[in-house]
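Shown below: query-v9.cif, with mmCIF, C-alpha atoms (C1' of nucleotides).
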data_my_file
#
loop_
_atom_site.label_atom_id
_atom_site.label_comp_id
_atom_site.auth_asym_id
_atom_site.auth_seq_id
_atom_site.Cartn_x
_atom_site.Cartn_y
_atom_site.Cartn_z
CA MET A 1 130.38 20.74 142.66
CA SER A 2 128.09 18.53 144.70
CA VAL A 3 125.80 17.95 141.77
CA GLN A 4 128.56 16.51 139.62
CA GLU A 5 129.74 14.37 142.50
CA ARG A 6 126.27 12.98 142.96
CA LYS A 7 126.08 12.17 139.26
CA GLN A 8 129.42 10.44 139.33
CA ARG A 9 128.32 8.43 142.35
CA GLU A 10 125.09 7.43 140.66
CA ARG A 11 127.01 6.43 137.58
CA ALA A 12 129.36 4.26 139.61
CA ASP A 13 126.37 2.72 141.36
CA ARG A 14 124.81 1.87 138.06
CA GLU A 15 128.02 0.31 136.83
CA ARG A 16 128.14 -1.91 139.87
CA LEU A 17 124.51 -2.78 139.28
CA ILE A 18 125.32 -3.86 135.73
CA VAL A 19 128.15 -6.11 136.85
CA ALA A 20 126.15 -7.60 139.71
CA THR A 21 123.16 -8.21 137.48
CA ALA A 22 125.26 -9.80 134.75
CA ARG A 23 126.85 -12.08 137.31
CA GLU A 24 123.52 -13.01 138.85
CA LEU A 25 121.98 -13.74 135.49
CA ALA A 26 125.00 -15.80 134.44
CA GLU A 27 124.90 -17.86 137.62
CA GLN A 28 121.18 -18.43 137.25
CA GLN A 29 120.99 -19.30 133.57
CA GLY A 30 124.52 -19.39 132.20
CA TRP A 31 126.46 -16.83 130.22
CA ASP A 32 124.55 -17.60 127.04
CA ALA A 33 121.48 -16.14 128.70
CA VAL A 34 123.33 -12.90 129.46
CA THR A 35 122.32 -10.92 126.40
CA THR A 36 122.54 -7.16 126.22
CA ARG A 37 118.77 -6.97 125.87
CA ARG A 38 118.01 -9.07 128.92
CA LEU A 39 120.68 -7.34 130.94
CA ALA A 40 119.34 -3.93 129.97
CA GLU A 41 115.84 -4.95 130.88
CA ARG A 42 116.91 -6.22 134.29
CA ILE A 43 118.69 -3.00 135.22
CA GLU A 44 115.71 -1.08 133.82
CA TYR A 45 117.67 0.89 131.26
CA SER A 46 117.94 0.60 127.51
CA GLN A 47 120.72 -1.30 125.78
CA PRO A 48 122.87 1.69 124.79
CA VAL A 49 123.36 2.55 128.46
CA LEU A 50 125.44 -0.59 128.81
CA TYR A 51 127.75 0.71 126.12
CA SER A 52 128.28 3.97 127.97
CA HIS A 53 129.88 1.93 130.76
CA PHE A 54 131.54 -0.91 128.85
CA ARG A 55 132.86 -1.32 125.33
CA GLY A 56 130.79 -4.42 124.93
CA LYS A 57 129.74 -7.72 126.40
CA ARG A 58 133.34 -8.86 126.62
CA GLU A 59 134.23 -6.07 129.00
CA ILE A 60 131.28 -6.93 131.21
CA ILE A 61 132.56 -10.48 131.43
CA GLY A 62 135.96 -9.05 132.30
CA ALA A 63 134.48 -6.97 135.10
CA VAL A 64 132.79 -10.02 136.59
CA ALA A 65 136.09 -11.88 136.30
CA LEU A 66 137.99 -9.23 138.24
CA GLU A 67 135.39 -9.20 140.97
CA GLY A 68 135.58 -12.98 141.13
CA ALA A 69 139.38 -13.01 141.25
CA SER A 70 139.36 -10.96 144.43
CA GLU A 71 136.79 -13.21 146.04
CA MET A 72 138.65 -16.31 145.01
CA ALA A 73 141.93 -15.01 146.41
CA ALA A 74 140.19 -14.21 149.69
CA ALA A 75 138.57 -17.64 149.81
CA MET A 76 141.88 -19.39 149.27
CA ARG A 77 143.72 -17.30 151.87
CA SER A 78 140.97 -17.85 154.37
CA ALA A 79 141.02 -21.60 153.80
CA THR A 80 144.77 -21.96 154.14
CA ALA A 81 145.03 -19.71 157.19
CA ALA A 82 143.26 -22.27 159.36
CA ALA A 83 145.62 -25.12 158.46
CA SER A 84 148.81 -25.69 160.41
CA THR A 85 150.96 -27.98 158.27
CA PRO A 86 152.09 -27.41 154.69
CA ARG A 87 150.25 -30.54 153.61
CA ASP A 88 147.02 -29.38 155.19
CA ARG A 89 147.44 -25.96 153.66
CA VAL A 90 147.86 -27.36 150.14
CA ALA A 91 144.88 -29.67 150.57
CA ALA A 92 142.78 -26.82 151.95
CA LEU A 93 143.82 -24.65 149.02
CA ALA A 94 142.86 -27.29 146.51
CA ARG A 95 139.51 -27.85 148.14
CA ALA A 96 138.83 -24.11 148.37
CA TYR A 97 139.73 -23.65 144.71
CA LEU A 98 137.49 -26.45 143.49
CA GLU A 99 134.68 -25.44 145.79
CA PHE A 100 134.79 -21.89 144.49
CA ALA A 101 134.68 -23.18 140.92
CA GLU A 102 131.73 -25.39 141.73
CA ARG A 103 129.72 -22.79 143.63
CA ASN A 104 130.43 -19.93 141.24
CA PRO A 105 130.54 -21.56 137.83
CA ALA A 106 129.72 -18.39 135.92
CA VAL A 107 132.40 -16.41 137.70
CA TYR A 108 134.85 -19.23 137.12
CA ASP A 109 133.98 -19.23 133.43
CA ALA A 110 134.46 -15.48 133.25
CA LEU A 111 137.88 -15.91 134.81
CA PHE A 112 139.24 -18.93 133.02
CA GLN A 113 137.02 -20.08 130.20
CA LEU A 114 135.61 -17.03 128.47
CA ASP A 115 137.28 -14.10 126.83
CA GLY A 116 136.95 -11.10 129.10
CA GLY A 117 139.59 -9.16 127.25
CA LEU A 118 142.00 -9.42 130.19
CA ALA A 119 145.74 -10.00 130.00
CA TYR A 120 147.15 -12.94 131.96
CA ALA A 121 150.72 -13.61 133.06
CA GLN A 122 151.95 -10.29 131.72
CA GLU A 123 153.03 -6.83 132.76
CA ASP A 124 149.63 -5.27 132.25
CA THR A 125 147.75 -8.04 134.00
CA PRO A 126 145.17 -6.50 136.35
CA GLU A 127 146.09 -6.43 140.03
CA GLN A 128 143.23 -8.71 141.04
CA LEU A 129 144.53 -11.48 138.80
CA LYS A 130 148.11 -11.06 139.94
CA ASP A 131 146.91 -11.19 143.51
CA ALA A 132 144.92 -14.37 142.96
CA PHE A 133 148.02 -16.01 141.53
CA ALA A 134 150.01 -14.64 144.46
CA ALA A 135 147.57 -16.33 146.82
CA LEU A 136 148.34 -19.61 145.11
CA ILE A 137 152.09 -19.09 145.34
CA GLU A 138 151.92 -18.27 149.05
CA THR A 139 150.82 -21.80 149.82
CA LEU A 140 152.27 -23.73 146.93
CA GLY A 141 155.69 -22.11 146.97
CA GLU A 142 156.66 -23.93 150.16
CA VAL A 143 155.99 -27.36 148.64
CA ALA A 144 157.53 -26.83 145.23
CA GLY A 145 160.51 -29.00 146.11
CA ASP A 146 164.23 -28.40 145.68
CA GLY A 147 165.35 -26.80 142.46
CA VAL A 148 161.83 -26.11 141.25
CA GLU A 149 160.80 -22.50 140.86
CA PRO A 150 157.72 -21.66 142.93
CA GLU A 151 156.14 -19.95 139.92
CA LEU A 152 156.56 -22.96 137.69
CA PHE A 153 155.25 -25.34 140.32
CA THR A 154 152.30 -23.08 141.03
CA GLU A 155 151.44 -22.94 137.33
CA VAL A 156 151.44 -26.71 137.09
CA PHE A 157 149.41 -27.22 140.24
CA TRP A 158 146.97 -24.54 139.17
CA ALA A 159 146.62 -26.10 135.72
CA SER A 160 145.84 -29.44 137.32
CA LEU A 161 143.17 -27.92 139.51
CA HIS A 162 141.79 -26.10 136.51
CA GLY A 163 141.60 -29.30 134.52
CA VAL A 164 139.79 -31.08 137.33
CA ALA A 165 137.42 -28.14 137.79
CA THR A 166 136.44 -27.80 134.14
CA LEU A 167 136.22 -31.48 133.30
CA THR A 168 134.13 -32.11 136.38
CA ARG A 169 131.72 -29.34 135.59
CA SER A 170 131.23 -30.39 132.00
CA ARG A 171 130.50 -33.88 133.35
CA ARG A 172 133.53 -35.35 131.68
CA LEU A 173 134.69 -36.57 135.09
CA LEU A 174 132.39 -38.25 137.56
CA PRO A 175 131.76 -36.10 140.63
CA GLU A 176 131.88 -38.99 143.07
CA ASP A 177 135.67 -39.34 142.99
CA ALA A 178 136.27 -35.65 143.63
CA GLU A 179 137.84 -36.05 147.04
CA ARG A 180 140.12 -38.89 145.99
CA ARG A 181 141.35 -36.84 143.05
CA ILE A 182 142.28 -34.01 145.38
CA GLU A 183 144.17 -36.35 147.71
CA LEU A 184 146.05 -37.86 144.80
CA LEU A 185 146.99 -34.49 143.35
CA VAL A 186 148.19 -33.12 146.65
CA ASP A 187 150.11 -36.24 147.66
CA ARG A 188 151.86 -36.58 144.35
CA LEU A 189 152.56 -33.02 143.27
CA ALA A 190 153.52 -31.43 146.58
CA VAL A 191 156.93 -32.17 148.09
CA LEU A 192 156.43 -32.38 151.82
CA MET B 1 118.49 -51.47 94.13
CA SER B 2 121.72 -49.95 92.86
CA VAL B 3 120.14 -46.56 92.55
CA GLN B 4 119.21 -46.42 96.20
CA GLU B 5 122.64 -47.61 97.14
CA ARG B 6 124.22 -44.87 95.11
CA LYS B 7 122.02 -42.31 96.79
CA GLN B 8 122.93 -43.60 100.19
CA ARG B 9 126.58 -43.46 99.28
CA GLU B 10 126.25 -39.91 98.02
CA ARG B 11 124.46 -38.95 101.19
CA ALA B 12 127.21 -40.42 103.33
CA ASP B 13 129.77 -38.60 101.20
CA ARG B 14 127.98 -35.34 101.74
CA GLU B 15 127.85 -35.94 105.47
CA ARG B 16 131.59 -36.49 105.56
CA LEU B 17 132.00 -33.34 103.49
CA ILE B 18 130.01 -31.36 106.04
CA VAL B 19 132.11 -32.62 108.95
CA ALA B 20 135.38 -32.10 107.13
CA THR B 21 134.39 -28.61 106.04
CA ALA B 22 133.24 -27.64 109.51
CA ARG B 23 136.52 -28.86 110.93
CA GLU B 24 138.56 -27.06 108.31
CA LEU B 25 136.67 -23.82 108.83
CA ALA B 26 136.99 -24.12 112.59
CA GLU B 27 140.73 -24.71 112.41
CA GLN B 28 141.15 -21.80 110.04
CA GLN B 29 139.02 -19.20 111.76
CA GLY B 30 137.75 -20.68 114.99
CA TRP B 31 134.41 -22.24 115.86
CA ASP B 32 132.71 -18.84 116.06
CA ALA B 33 133.24 -18.54 112.32
CA VAL B 34 131.50 -21.85 111.71
CA THR B 35 128.01 -20.58 111.07
CA THR B 36 125.36 -22.63 109.33
CA ARG B 37 125.29 -20.11 106.50
CA ARG B 38 129.02 -20.16 105.87
CA LEU B 39 129.14 -23.91 106.20
CA ALA B 40 126.26 -24.32 103.77
CA GLU B 41 127.91 -22.01 101.29
CA ARG B 42 131.21 -23.91 101.45
CA ILE B 43 129.60 -27.26 100.76
CA GLU B 44 127.54 -25.59 98.04
CA TYR B 45 124.18 -26.52 99.47
CA SER B 46 121.54 -24.52 101.27
CA GLN B 47 121.30 -24.35 105.05
CA PRO B 48 118.40 -26.79 105.49
CA VAL B 49 120.51 -29.56 103.99
CA LEU B 50 122.69 -29.43 107.08
CA TYR B 51 119.64 -30.14 109.19
CA SER B 52 118.80 -33.23 107.16
CA HIS B 53 122.10 -34.70 108.37
CA PHE B 54 122.43 -33.22 111.85
CA ARG B 55 119.98 -31.96 114.43
CA GLY B 56 121.90 -28.71 114.66
CA LYS B 57 125.26 -27.10 115.01
CA ARG B 58 125.89 -28.96 118.26
CA GLU B 59 125.74 -32.32 116.53
CA ILE B 60 128.18 -31.15 113.89
CA ILE B 61 130.61 -30.22 116.66
CA GLY B 62 130.02 -33.65 118.13
CA ALA B 63 130.83 -35.33 114.83
CA VAL B 64 134.11 -33.42 114.59
CA ALA B 65 134.86 -34.42 118.17
CA LEU B 66 134.39 -38.12 117.45
CA GLU B 67 136.62 -37.92 114.42
CA GLY B 68 139.22 -36.12 116.52
CA ALA B 69 139.02 -38.65 119.35
CA SER B 70 140.04 -41.45 117.02
CA GLU B 71 142.95 -39.46 115.66
CA MET B 72 144.06 -38.45 119.12
CA ALA B 73 143.98 -42.04 120.35
CA ALA B 74 146.05 -43.10 117.36
CA ALA B 75 148.53 -40.29 117.91
CA MET B 76 149.00 -41.23 121.56
CA ARG B 77 149.41 -44.94 120.83
CA SER B 78 151.88 -44.20 118.10
CA ALA B 79 153.91 -41.93 120.36
CA THR B 80 154.09 -44.38 123.25
CA ALA B 81 154.88 -47.40 121.07
CA ALA B 82 158.32 -46.05 120.29
CA ALA B 83 159.32 -45.57 123.94
CA SER B 84 160.92 -48.40 125.88
CA THR B 85 160.62 -47.43 129.56
CA PRO B 86 157.47 -46.55 131.47
CA ARG B 87 158.88 -43.10 132.17
CA ASP B 88 159.56 -42.47 128.51
CA ARG B 89 156.14 -43.73 127.59
CA VAL B 90 154.40 -41.36 129.99
CA ALA B 91 156.48 -38.43 128.82
CA ALA B 92 155.82 -39.31 125.19
CA LEU B 93 152.12 -39.58 125.94
CA ALA B 94 152.04 -36.16 127.60
CA ARG B 95 153.92 -34.58 124.73
CA ALA B 96 151.69 -36.23 122.14
CA TYR B 97 148.58 -35.09 123.98
CA LEU B 98 149.69 -31.49 124.25
CA GLU B 99 151.00 -31.44 120.71
CA PHE B 100 147.68 -32.70 119.40
CA ALA B 101 145.86 -30.01 121.36
CA GLU B 102 148.18 -27.35 120.00
CA ARG B 103 148.05 -28.47 116.39
CA ASN B 104 144.32 -29.15 116.31
CA PRO B 105 142.84 -26.51 118.55
CA ALA B 106 139.41 -26.62 116.98
CA VAL B 107 139.20 -30.38 117.27
CA TYR B 108 140.41 -30.17 120.84
CA ASP B 109 137.74 -27.60 121.60
CA ALA B 110 135.09 -29.80 120.04
CA LEU B 111 136.25 -32.66 122.24
CA PHE B 112 136.78 -30.98 125.56
CA GLN B 113 135.64 -27.37 125.60
CA LEU B 114 132.47 -27.12 123.58
CA ASP B 115 129.17 -28.89 123.92
CA GLY B 116 128.91 -31.49 121.19
CA GLY B 117 126.02 -33.23 122.87
CA LEU B 118 128.16 -36.26 123.68
CA ALA B 119 128.08 -38.31 126.87
CA TYR B 120 131.36 -38.74 128.71
CA ALA B 121 132.32 -41.29 131.34
CA GLN B 122 129.03 -43.13 131.02
CA GLU B 123 127.44 -46.22 129.61
CA ASP B 124 126.32 -44.56 126.41
CA THR B 125 129.61 -42.82 125.78
CA PRO B 126 130.57 -43.22 122.11
CA GLU B 127 133.20 -45.85 121.35
CA GLN B 128 135.68 -43.32 120.03
CA LEU B 129 135.75 -41.48 123.34
CA LYS B 130 136.02 -44.64 125.37
CA ASP B 131 138.89 -45.74 123.17
CA ALA B 132 140.73 -42.45 123.57
CA PHE B 133 140.47 -42.83 127.34
CA ALA B 134 141.60 -46.44 126.97
CA ALA B 135 144.68 -45.23 125.13
CA LEU B 136 145.49 -43.05 128.13
CA ILE B 137 145.01 -45.91 130.58
CA GLU B 138 147.24 -48.24 128.59
CA THR B 139 150.24 -46.07 129.35
CA LEU B 140 149.23 -44.43 132.60
CA GLY B 141 147.90 -47.55 134.29
CA GLU B 142 151.40 -48.94 134.75
CA VAL B 143 152.58 -45.87 136.68
CA ALA B 144 149.51 -45.30 138.87
CA GLY B 145 151.33 -46.57 141.95
CA ASP B 146 150.29 -49.09 144.57
CA GLY B 147 146.74 -48.92 145.81
CA VAL B 148 145.68 -46.34 143.23
CA GLU B 149 143.13 -47.38 140.66
CA PRO B 150 144.39 -46.93 137.10
CA GLU B 151 141.15 -45.18 136.15
CA LEU B 152 141.43 -42.64 138.94
CA PHE B 153 145.07 -41.96 138.23
CA THR B 154 144.37 -41.60 134.53
CA GLU B 155 141.59 -39.12 135.21
CA VAL B 156 143.88 -36.99 137.34
CA PHE B 157 146.75 -37.11 134.88
CA TRP B 158 144.40 -36.34 132.01
CA ALA B 159 142.87 -33.42 133.91
CA SER B 160 146.32 -32.01 134.51
CA LEU B 161 147.20 -32.25 130.85
CA HIS B 162 143.88 -30.70 129.97
CA GLY B 163 144.50 -27.78 132.31
CA VAL B 164 147.93 -27.18 130.82
CA ALA B 165 146.56 -27.45 127.30
CA THR B 166 143.69 -25.03 127.77
CA LEU B 167 145.48 -22.47 129.91
CA THR B 168 148.39 -22.41 127.51
CA ARG B 169 146.18 -21.89 124.50
CA SER B 170 144.22 -19.06 126.08
CA ARG B 171 147.57 -17.46 126.89
CA ARG B 172 147.01 -17.77 130.62
CA LEU B 173 150.28 -19.72 130.82
CA LEU B 174 153.43 -18.66 129.06
CA PRO B 175 154.40 -21.05 126.25
CA GLU B 176 158.12 -20.91 126.96
CA ASP B 177 157.96 -23.16 130.04
CA ALA B 178 155.95 -25.85 128.26
CA GLU B 179 158.65 -28.52 128.35
CA ARG B 180 159.52 -27.93 132.00
CA ARG B 181 155.85 -28.23 132.92
CA ILE B 182 155.67 -31.61 131.20
CA GLU B 183 158.77 -32.85 132.99
CA LEU B 184 157.42 -31.71 136.33
CA LEU B 185 154.04 -33.34 135.77
CA VAL B 186 155.54 -36.63 134.67
CA ASP B 187 158.16 -36.78 137.42
CA ARG B 188 155.74 -35.97 140.18
CA LEU B 189 152.54 -37.73 139.18
CA ALA B 190 153.89 -40.97 137.80
CA VAL B 191 155.21 -43.61 140.19
CA LEU B 192 158.22 -45.19 138.51
"C1'" DC C 1 113.76 33.88 135.03
"C1'" DT C 2 114.87 32.62 130.55
"C1'" DC C 3 117.20 30.38 127.22
"C1'" DG C 4 121.18 27.91 124.55
"C1'" DG C 5 123.85 24.13 124.93
"C1'" DA C 6 125.59 20.09 126.91
"C1'" DT C 7 124.42 15.79 128.85
"C1'" DG C 8 121.90 11.75 129.18
"C1'" DT C 9 118.73 8.36 127.42
"C1'" DC C 10 115.76 6.14 124.20
"C1'" DT C 11 113.76 4.34 119.81
"C1'" DA C 12 114.76 2.17 115.85
"C1'" DG C 13 117.55 -0.31 112.98
"C1'" DC C 14 121.85 -2.75 110.93
"C1'" DG C 15 123.84 -7.08 109.74
"C1'" DG C 16 124.43 -11.22 111.76
"C1'" DT C 17 122.95 -15.87 114.27
"C1'" DG C 18 120.52 -20.87 114.59
"C1'" DC C 19 116.77 -22.93 112.85
"C1'" DT C 20 112.30 -24.10 110.09
"C1'" DA C 21 107.83 -23.85 107.32
"C1'" DG C 22 106.25 -24.38 102.93
"C1'" DG C 23 106.66 -24.45 98.13
"C1'" DA C 24 109.19 -25.86 93.86
"C1'" DT C 25 111.63 -29.28 91.41
"C1'" DC C 26 113.17 -33.59 90.18
"C1'" DA C 27 113.51 -38.63 89.73
"C1'" DT C 28 110.88 -42.90 90.42
"C1'" DG C 29 107.56 -46.54 89.72
"C1'" DC C 30 103.09 -47.54 87.75
"C1'" DG D 1 102.78 -40.15 80.44
"C1'" DC D 2 101.77 -39.20 84.77
"C1'" DA D 3 100.97 -39.24 89.84
"C1'" DT D 4 103.84 -39.77 93.82
"C1'" DG D 5 107.38 -39.19 96.87
"C1'" DA D 6 111.94 -37.68 97.90
"C1'" DT D 7 114.98 -33.73 97.71
"C1'" DC D 8 116.22 -29.18 97.96
"C1'" DC D 9 115.71 -24.11 98.15
"C1'" DT D 10 113.58 -19.56 99.16
"C1'" DA D 11 112.02 -16.91 102.57
"C1'" DG D 12 111.31 -15.92 107.07
"C1'" DC D 13 111.16 -16.35 112.34
"C1'" DA D 14 113.03 -14.64 116.74
"C1'" DC D 15 117.01 -13.59 118.56
"C1'" DC D 16 121.99 -11.71 118.91
"C1'" DG D 17 125.75 -7.59 119.65
"C1'" DC D 18 126.04 -3.10 118.63
"C1'" DT D 19 125.11 1.92 117.04
"C1'" DA D 20 123.10 6.24 114.69
"C1'" DG D 21 120.31 9.77 115.46
"C1'" DA D 22 116.26 11.85 117.65
"C1'" DC D 23 114.56 13.48 121.89
"C1'" DA D 24 114.24 15.05 126.63
"C1'" DT D 25 116.22 16.91 130.56
"C1'" DC D 26 119.08 19.59 133.29
"C1'" DC D 27 122.86 23.15 133.76
"C1'" DG D 28 124.92 27.57 133.95
"C1'" DA D 29 125.22 32.22 131.73
"C1'" DG D 30 123.04 36.46 130.90
#

Would you encode the structure as structure tokens?
Amino acid sequence: MSVQERKQRERADRERLIVATARELAEQQGWDAVTTRRLAERIEYSQPVLYSHFRGKREIIGAVALEGASEMAAAMRSATAAASTPRDRVAALARAYLEFAERNPAVYDALFQLDGGLAYAQEDTPEQLKDAFAALIETLGEVAGDGVEPELFTEVFWASLHGVATLTRSRRLLPEDAERRIELLVDRLAVL
Amino acid sequence: MSVQERKQRERADRERLIVATARELAEQQGWDAVTTRRLAERIEYSQPVLYSHFRGKREIIGAVALEGASEMAAAMRSATAAASTPRDRVAALARAYLEFAERNPAVYDALFQLDGGLAYAQEDTPEQLKDAFAALIETLGEVAGDGVEPELFTEVFWASLHGVATLTRSRRLLPEDAERRIELLVDRLAVL
DNA sequence: CTCGGATGTCTAGCGGTGCTAGGATCATGC
DNA sequence: GCATGATCCTAGCACCGCTAGACATCCGAG
């Protein structure tokens, strides 16, 4: 059965190549530039091959989103691990979140702006997304304040970060006040 | 010169018709359904007529956004006028903002999600946008807290509302906790 | 070793998109 | 009454996501 195994492995490799290429192309030129034709050309296969791995472009976006969710969760956990006080942890989390959004705009879009066909905040939500939210709760839960559910507080804090991230990137907020916005958010929202 | 005046008037009427139709179509079926062909058919002209009024689809989105900005500013001012305490005003503002986003999703998208070719937070920002931001400052400026610039505080509060609005609409936040999220945001961010 | 069938991949094409060149038609001023 | 200029439409460009059907290639059975 070694032949079949090799084929399966090659198929999995190619699927990873598709996702990586889509992500790369999206980061370089934006998601609008990720067309099935260009993507096919870059992986040196014809268009229909894409559809033997994914139902369509939407699912490719979803795959990039899942990959990004894992990385984002890791980035946030890594950033908070180094901080010693709750306040520092929350600030580090906020900075890590916004930095990830800024450095990986296409991945961030795939996660939170575009339709990748993924379910959020539900039973059938993919593990990677649940885990990313869990990473938020780990740090934010301890500053939710009395009588406030950690989940609810985390949602609100997350939404605020998301608003700052998206409005900044679409140049609806000036980038120069970024740090002061973070300080204000942390100082006001978190109960220390 | 009455003939020319009539023609100008008719032209302005047709431009308003285009914007209104685009908005209507977008609210009914989403912006993806607003194609130049469909739009042209609805106004009972051919496609090129659209391009004699607007440079392209982007500018049509921008026109809808400007119209929406004025309405949104009016809605927020109307909501806050009825409240008597700063706390009530902020809460009323937040509710009005989120309600507008929920009831006019296509307009909200044109304003804050899509690219309408408009400048934000700059010198050449259209008056309607500046005024909508001014409407936010009017209420939020009085609860910014000591040593915090009203503009900065307003940006942060706005970003938070924007995050809640967008994540709720893309079903990344559950709608049932909407009111509790508002309360939390108002109680924590505003200094009363 | 040969051959039928399954598997994999490609070419070509469908209906759609935003946008535009160029020709027809109409009203206007001489 | 007619040339001129404004106005509008037909037709088409290059591109999009997606798919049907032809073709090649490789596999396992005889």

Report as CSV: every residue of chain D with an atom at most 12 Å from chain A, its closest pair of atoms, and their distance in Å to one decimal, counting all atoms listed in the file, with rows sorted by chain and ascending residue number.
residue,atom,partner,partner_atom,distance
D:DC15,C1',A:Thr35,CA,9.8
D:DC16,C1',A:Thr35,CA,7.5
D:DG17,C1',A:Thr36,CA,7.3
D:DC18,C1',A:Gly56,CA,8.0
D:DT19,C1',A:Pro48,CA,8.1
D:DA20,C1',A:Pro48,CA,11.1
D:DC26,C1',A:Val3,CA,10.9
D:DC27,C1',A:Val3,CA,10.0

Counting all atoms listed in the file, figure out which residue out of D:DA14, D:DA29, D:DA3, D:DC8 gets nearest to DG18 in chain C.
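That would be D:DA14, the residue with the smallest distance to DG18 in chain C.
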
Would you mind reading off the distance between CA of Arg172 in chain A and CA of Leu93 in chain B, one decimal, in Å?
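Result for CA of Arg172 in chain A versus CA of Leu93 in chain B: 19.9 Å, one decimal.
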
What separation in Å, quoted to one decimal, exists between CA of Gly145 in chain A and CA of Arg180 in chain B?
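Rounded to one decimal, the two atoms are 14.2 Å apart.
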
Please, what distance in Å, to one decimal, runs between CA of Arg181 in chain A and CA of Ala83 in chain B?
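For CA of Arg181 in chain A relative to CA of Ala83 in chain B, the distance reads 27.6 Å.
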
I need the residue set behind the PyMOL selection byres ((chain B and resi 131-135) around 9) for this file; please write it as a count of residues only.
21

Name the residues that the PyMOL selection byres ((chain A) within 9 of (chain C)) pulls out of this structure, and write them as a list of chain:residue names.
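On the file shown, the PyMOL selection byres ((chain A) within 9 of (chain C)) covers A:Tyr45, A:Ser46, A:Pro48, A:Val49.
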
Taking C-alpha atoms for each residue, export the selection above as a JSON list (two decimals), keeping the file's coordinate frame.
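Done, and the output landed in part_10.json:
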[["chain", "number", "residue", "atom", "x", "y", "z"],
["A", 45, "TYR", "CA", 117.67, 0.89, 131.26],
["A", 46, "SER", "CA", 117.94, 0.60, 127.51],
["A", 48, "PRO", "CA", 122.87, 1.69, 124.79],
["A", 49, "VAL", "CA", 123.36, 2.55, 128.46]]

Report as CSV: every residue of chain B with an atom at most 10 Å from chain A, its closest pair of atoms, and their distance in Å to one decimal, counting all atoms listed in the file, with rows sorted by chain and ascending residue number.
residue,atom,partner,partner_atom,distance
B:Phe112,CA,A:Leu167,CA,7.8
B:Gln113,CA,A:Ser170,CA,8.3
B:Leu114,CA,A:Ser170,CA,9.1
B:Asp115,CA,A:Ser170,CA,8.5
B:Leu118,CA,A:Arg172,CA,9.7
B:Ala119,CA,A:Arg172,CA,7.8
B:Tyr120,CA,A:Arg172,CA,5.0
B:Ala121,CA,A:Arg172,CA,6.1
B:Gln122,CA,A:Leu174,CA,8.8
B:Val148,CA,A:Leu184,CA,8.6
B:Leu152,CA,A:Arg181,CA,7.1
B:Phe153,CA,A:Leu184,CA,7.8
B:Glu155,CA,A:Leu173,CA,7.4
B:Val156,CA,A:Arg181,CA,6.2
B:Phe157,CA,A:Ser160,CA,8.1
B:Trp158,CA,A:Gly163,CA,8.0
B:Ala159,CA,A:Gly163,CA,4.4
B:Ser160,CA,A:Ser160,CA,3.8
B:Leu161,CA,A:Ser160,CA,7.2
B:His162,CA,A:Gly163,CA,5.3
B:Gly163,CA,A:Gly163,CA,4.0
B:Val164,CA,A:Ala159,CA,5.2
B:Ala165,CA,A:Ala159,CA,8.5
B:Thr166,CA,A:Gly163,CA,8.3
B:Leu167,CA,A:Ala159,CA,6.9
B:Thr168,CA,A:Ala159,CA,9.2
B:Ser170,CA,A:Gln113,CA,8.4
B:Arg171,CA,A:Tyr120,CA,6.8
B:Arg172,CA,A:Tyr120,CA,5.0
B:Leu173,CA,A:Ala121,CA,6.5
B:Leu174,CA,A:Ala121,CA,7.0
B:Asp177,CA,A:Leu152,CA,7.8
B:Ala178,CA,A:Leu152,CA,9.9
B:Arg180,CA,A:Leu152,CA,8.1
B:Arg181,CA,A:Val156,CA,6.3
B:Ile182,CA,A:Val156,CA,8.8
B:Leu184,CA,A:Phe153,CA,7.8
B:Leu185,CA,A:Val156,CA,7.2
B:Val186,CA,A:Leu189,CA,9.8
B:Asp187,CA,A:Leu189,CA,8.9
B:Arg188,CA,A:Leu189,CA,5.3
B:Leu189,CA,A:Arg188,CA,5.3
B:Ala190,CA,A:Arg188,CA,8.1
B:Val191,CA,A:Arg188,CA,8.8

Would you list the contacts of Pro86 in chain B as a PDB file with C-alpha atoms, keeping the file's coordinate frame, taking every protein, DNA or RNA residue within 8 Å and counting all atoms listed in the file, but skipping same-chain residues closer than 6 positions in sequence?
ATOM      1  CA  THR B 139     150.240 -46.070 129.350  1.00  0.00           C
ATOM      2  CA  GLU B 142     151.400 -48.940 134.750  1.00  0.00           C
ATOM      3  CA  VAL B 143     152.580 -45.870 136.680  1.00  0.00           C
ATOM      4  CA  LEU B 192     158.220 -45.190 138.510  1.00  0.00           C
TER       5      LEU B 192
END

Running the PyMOL selection byres ((chain B and resi 109) around 10) on this model by hand, what would come out? Give it as an MDAnalysis selection string.
chainID B and resid 26 30:31 61 64:65 101 104:108 110:116 166

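Nearest-residue note for Arg14 in chain A: choosing from A:Arg169, A:Arg103, A:Arg42, A:Arg87, the minimum distance belongs to A:Arg42, counting all atoms listed in the file.
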